[in-house]
Amino acid sequence: LGIALRQNQRSEEALPVLEAYLALTRRYWSHNPGNILSPKGNLASCLEDMGRRAEALVLKREVYASHVDIFGASDGNTIGNGLNLANSLLELGFCDDAHTFVRDQLLPAARRSLGAEHDTTLMLDVTLAATFMSGPECTRDDLLE
């Protein structure tokens with residue numbers, strides 16, 4: 001229900017449903033930490049839709065860290081969550097953090113496990129380019145990299 005509300009641009013109504021679902025998941029399925037990742041990610045996306053980007057960023061960091069701990073840095077879902085986190089960092093103006101994160105952690109893992117031509121790897125390339133263009137001291141050499 002929460003996801004359907006959110007997909008229909010009714011994030012304010014979706015928020016309490018997604019919060020309740022996360023609470024129930026923590027209560028009844030906490031024995032498997034992987035069960036909490038999807039509801040927490042959905043809640044982060046809803047908060048972001050509502051303009052509560054700082055709160056969403058905290059949850060996205062938690063989701064990414066949990067994915068790395070549970071599935072490893074080279075897992076496709078982990079890399080996808082990292083891409084979401086990098087885009088959030090970029091939107092909030094943390095260009096240097098996003099740049100370092102994509103260049104040093106995400107892109108090497110994506111190229112190694114997904115391949116250079118995979119959609120997610122290509123989106124990471126686009127995100128890396130956006131970090132260059134968003135930085136105040138962007139040089140021509142940076143753009144050529």
# chains A, B, ... in the order shown; residues from 1 in each chain; ligands from 1
$ residues_around --residues "region 69-77 of chain A" --least-positions-apart "6" --cutoff "9 Å" --atoms "only C-alpha atoms" --output "list in words"
Pro33, Gly34, Gln105, Leu106, Pro108, Ala109, Ala110, Arg112, Ser113, Leu114 and Thr120 of chain A
$ write_last_selection --atoms "all heavy atoms" --output "PDB file, in the first residue's frame"
ATOM      1  N   PRO A  33      18.703  -9.576   9.136  1.00  0.00           N
ATOM      2  CA  PRO A  33      18.867  -8.139   8.861  1.00  0.00           C
ATOM      3  C   PRO A  33      18.558  -7.741   7.425  1.00  0.00           C
ATOM      4  O   PRO A  33      18.175  -6.617   7.150  1.00  0.00           O
ATOM      5  CB  PRO A  33      20.343  -7.868   9.176  1.00  0.00           C
ATOM      6  CG  PRO A  33      20.795  -9.024   9.985  1.00  0.00           C
ATOM      7  CD  PRO A  33      19.920 -10.183   9.646  1.00  0.00           C
ATOM      8  N   GLY A  34      18.693  -8.675   6.481  1.00  0.00           N
ATOM      9  CA  GLY A  34      18.388  -8.379   5.092  1.00  0.00           C
ATOM     10  C   GLY A  34      16.927  -8.035   4.851  1.00  0.00           C
ATOM     11  O   GLY A  34      16.596  -7.333   3.895  1.00  0.00           O
ATOM     12  N   GLN A 105      35.113   3.555  -4.811  1.00  0.00           N
ATOM     13  CA  GLN A 105      34.433   2.354  -4.316  1.00  0.00           C
ATOM     14  C   GLN A 105      33.480   1.738  -5.327  1.00  0.00           C
ATOM     15  O   GLN A 105      33.580   0.553  -5.634  1.00  0.00           O
ATOM     16  CB  GLN A 105      33.673   2.683  -3.028  1.00  0.00           C
ATOM     17  CG  GLN A 105      34.570   3.023  -1.871  1.00  0.00           C
ATOM     18  CD  GLN A 105      33.781   3.343  -0.619  1.00  0.00           C
ATOM     19  OE1 GLN A 105      32.706   2.812  -0.408  1.00  0.00           O
ATOM     20  NE2 GLN A 105      34.312   4.217   0.215  1.00  0.00           N
ATOM     21  N   LEU A 106      32.559   2.537  -5.840  1.00  0.00           N
ATOM     22  CA  LEU A 106      31.492   1.966  -6.653  1.00  0.00           C
ATOM     23  C   LEU A 106      31.932   1.549  -8.051  1.00  0.00           C
ATOM     24  O   LEU A 106      31.634   0.438  -8.493  1.00  0.00           O
ATOM     25  CB  LEU A 106      30.321   2.951  -6.753  1.00  0.00           C
ATOM     26  CG  LEU A 106      29.604   3.249  -5.443  1.00  0.00           C
ATOM     27  CD1 LEU A 106      28.508   4.282  -5.666  1.00  0.00           C
ATOM     28  CD2 LEU A 106      29.020   1.985  -4.849  1.00  0.00           C
ATOM     29  N   PRO A 108      34.949   0.783  -9.406  1.00  0.00           N
ATOM     30  CA  PRO A 108      35.779  -0.425  -9.502  1.00  0.00           C
ATOM     31  C   PRO A 108      34.984  -1.709  -9.241  1.00  0.00           C
ATOM     32  O   PRO A 108      35.153  -2.701  -9.966  1.00  0.00           O
ATOM     33  CB  PRO A 108      36.854  -0.213  -8.432  1.00  0.00           C
ATOM     34  CG  PRO A 108      36.937   1.266  -8.248  1.00  0.00           C
ATOM     35  CD  PRO A 108      35.533   1.756  -8.457  1.00  0.00           C
ATOM     36  N   ALA A 109      34.103  -1.675  -8.246  1.00  0.00           N
ATOM     37  CA  ALA A 109      33.285  -2.853  -7.940  1.00  0.00           C
ATOM     38  C   ALA A 109      32.331  -3.164  -9.085  1.00  0.00           C
ATOM     39  O   ALA A 109      32.146  -4.333  -9.455  1.00  0.00           O
ATOM     40  CB  ALA A 109      32.517  -2.640  -6.639  1.00  0.00           C
ATOM     41  N   ALA A 110      31.729  -2.128  -9.663  1.00  0.00           N
ATOM     42  CA  ALA A 110      30.775  -2.334 -10.753  1.00  0.00           C
ATOM     43  C   ALA A 110      31.470  -2.879 -12.001  1.00  0.00           C
ATOM     44  O   ALA A 110      30.964  -3.797 -12.646  1.00  0.00           O
ATOM     45  CB  ALA A 110      30.057  -1.024 -11.073  1.00  0.00           C
ATOM     46  N   ARG A 112      34.211  -4.568 -12.151  1.00  0.00           N
ATOM     47  CA  ARG A 112      34.695  -5.921 -11.865  1.00  0.00           C
ATOM     48  C   ARG A 112      33.551  -6.940 -11.875  1.00  0.00           C
ATOM     49  O   ARG A 112      33.666  -8.006 -12.478  1.00  0.00           O
ATOM     50  CB  ARG A 112      35.415  -5.919 -10.514  1.00  0.00           C
ATOM     51  CG  ARG A 112      36.069  -7.205 -10.116  1.00  0.00           C
ATOM     52  CD  ARG A 112      36.860  -7.084  -8.812  1.00  0.00           C
ATOM     53  NE  ARG A 112      36.084  -6.528  -7.711  1.00  0.00           N
ATOM     54  CZ  ARG A 112      36.222  -5.287  -7.211  1.00  0.00           C
ATOM     55  NH1 ARG A 112      37.115  -4.470  -7.723  1.00  0.00           N
ATOM     56  NH2 ARG A 112      35.486  -4.875  -6.205  1.00  0.00           N
ATOM     57  N   SER A 113      32.429  -6.618 -11.245  1.00  0.00           N
ATOM     58  CA  SER A 113      31.378  -7.619 -11.087  1.00  0.00           C
ATOM     59  C   SER A 113      30.273  -7.529 -12.135  1.00  0.00           C
ATOM     60  O   SER A 113      29.697  -8.546 -12.498  1.00  0.00           O
ATOM     61  CB  SER A 113      30.773  -7.542  -9.688  1.00  0.00           C
ATOM     62  OG  SER A 113      30.167  -6.290  -9.477  1.00  0.00           O
ATOM     63  N   LEU A 114      29.972  -6.332 -12.624  1.00  0.00           N
ATOM     64  CA  LEU A 114      28.887  -6.177 -13.592  1.00  0.00           C
ATOM     65  C   LEU A 114      29.388  -6.024 -15.022  1.00  0.00           C
ATOM     66  O   LEU A 114      28.676  -6.342 -15.966  1.00  0.00           O
ATOM     67  CB  LEU A 114      28.025  -4.951 -13.232  1.00  0.00           C
ATOM     68  CG  LEU A 114      27.400  -4.939 -11.841  1.00  0.00           C
ATOM     69  CD1 LEU A 114      26.697  -3.609 -11.594  1.00  0.00           C
ATOM     70  CD2 LEU A 114      26.446  -6.103 -11.669  1.00  0.00           C
ATOM     71  N   THR A 120      24.063  -0.153 -14.858  1.00  0.00           N
ATOM     72  CA  THR A 120      24.430   0.460 -13.580  1.00  0.00           C
ATOM     73  C   THR A 120      25.832   1.066 -13.649  1.00  0.00           C
ATOM     74  O   THR A 120      26.058   2.168 -13.145  1.00  0.00           O
ATOM     75  CB  THR A 120      24.344  -0.567 -12.434  1.00  0.00           C
ATOM     76  OG1 THR A 120      23.012  -1.102 -12.392  1.00  0.00           O
ATOM     77  CG2 THR A 120      24.673   0.054 -11.095  1.00  0.00           C
TER      78      THR A 120
END
$ residues_around --residues "region 37-50 of chain A" --least-positions-apart "6" --cutoff "9 Å" --atoms "only C-alpha atoms" --output "list of chain:residue names"
A:Gly2, A:Ile3, A:Arg6, A:Gln9, A:Ser11, A:Glu12, A:Ala14, A:Leu15, A:Leu18, A:Glu19, A:Tyr21, A:Leu22, A:Thr25, A:Ala56, A:Leu57, A:Val58, A:Leu59, A:Lys60, A:Glu62, A:Val63, A:Tyr64, A:Ser66, A:His67, A:Asn81, A:Ser88
$ residues_around --residues "Phe94 (chain A)" --least-positions-apart "6" --cutoff "12 Å" --atoms "only C-alpha atoms" --output "ChimeraX atom specification"
/A:54,57,85-88,100-101,130-132,134-136
$ atom_distance --atom1 "CA of Thr121 (chain A)" --atom2 "CA of Thr78 (chain A)"
12.4 Å
$ atom_distance --atom1 "CA of Leu128 (chain A)" --atom2 "CA of Arg53 (chain A)"
20.3 Å
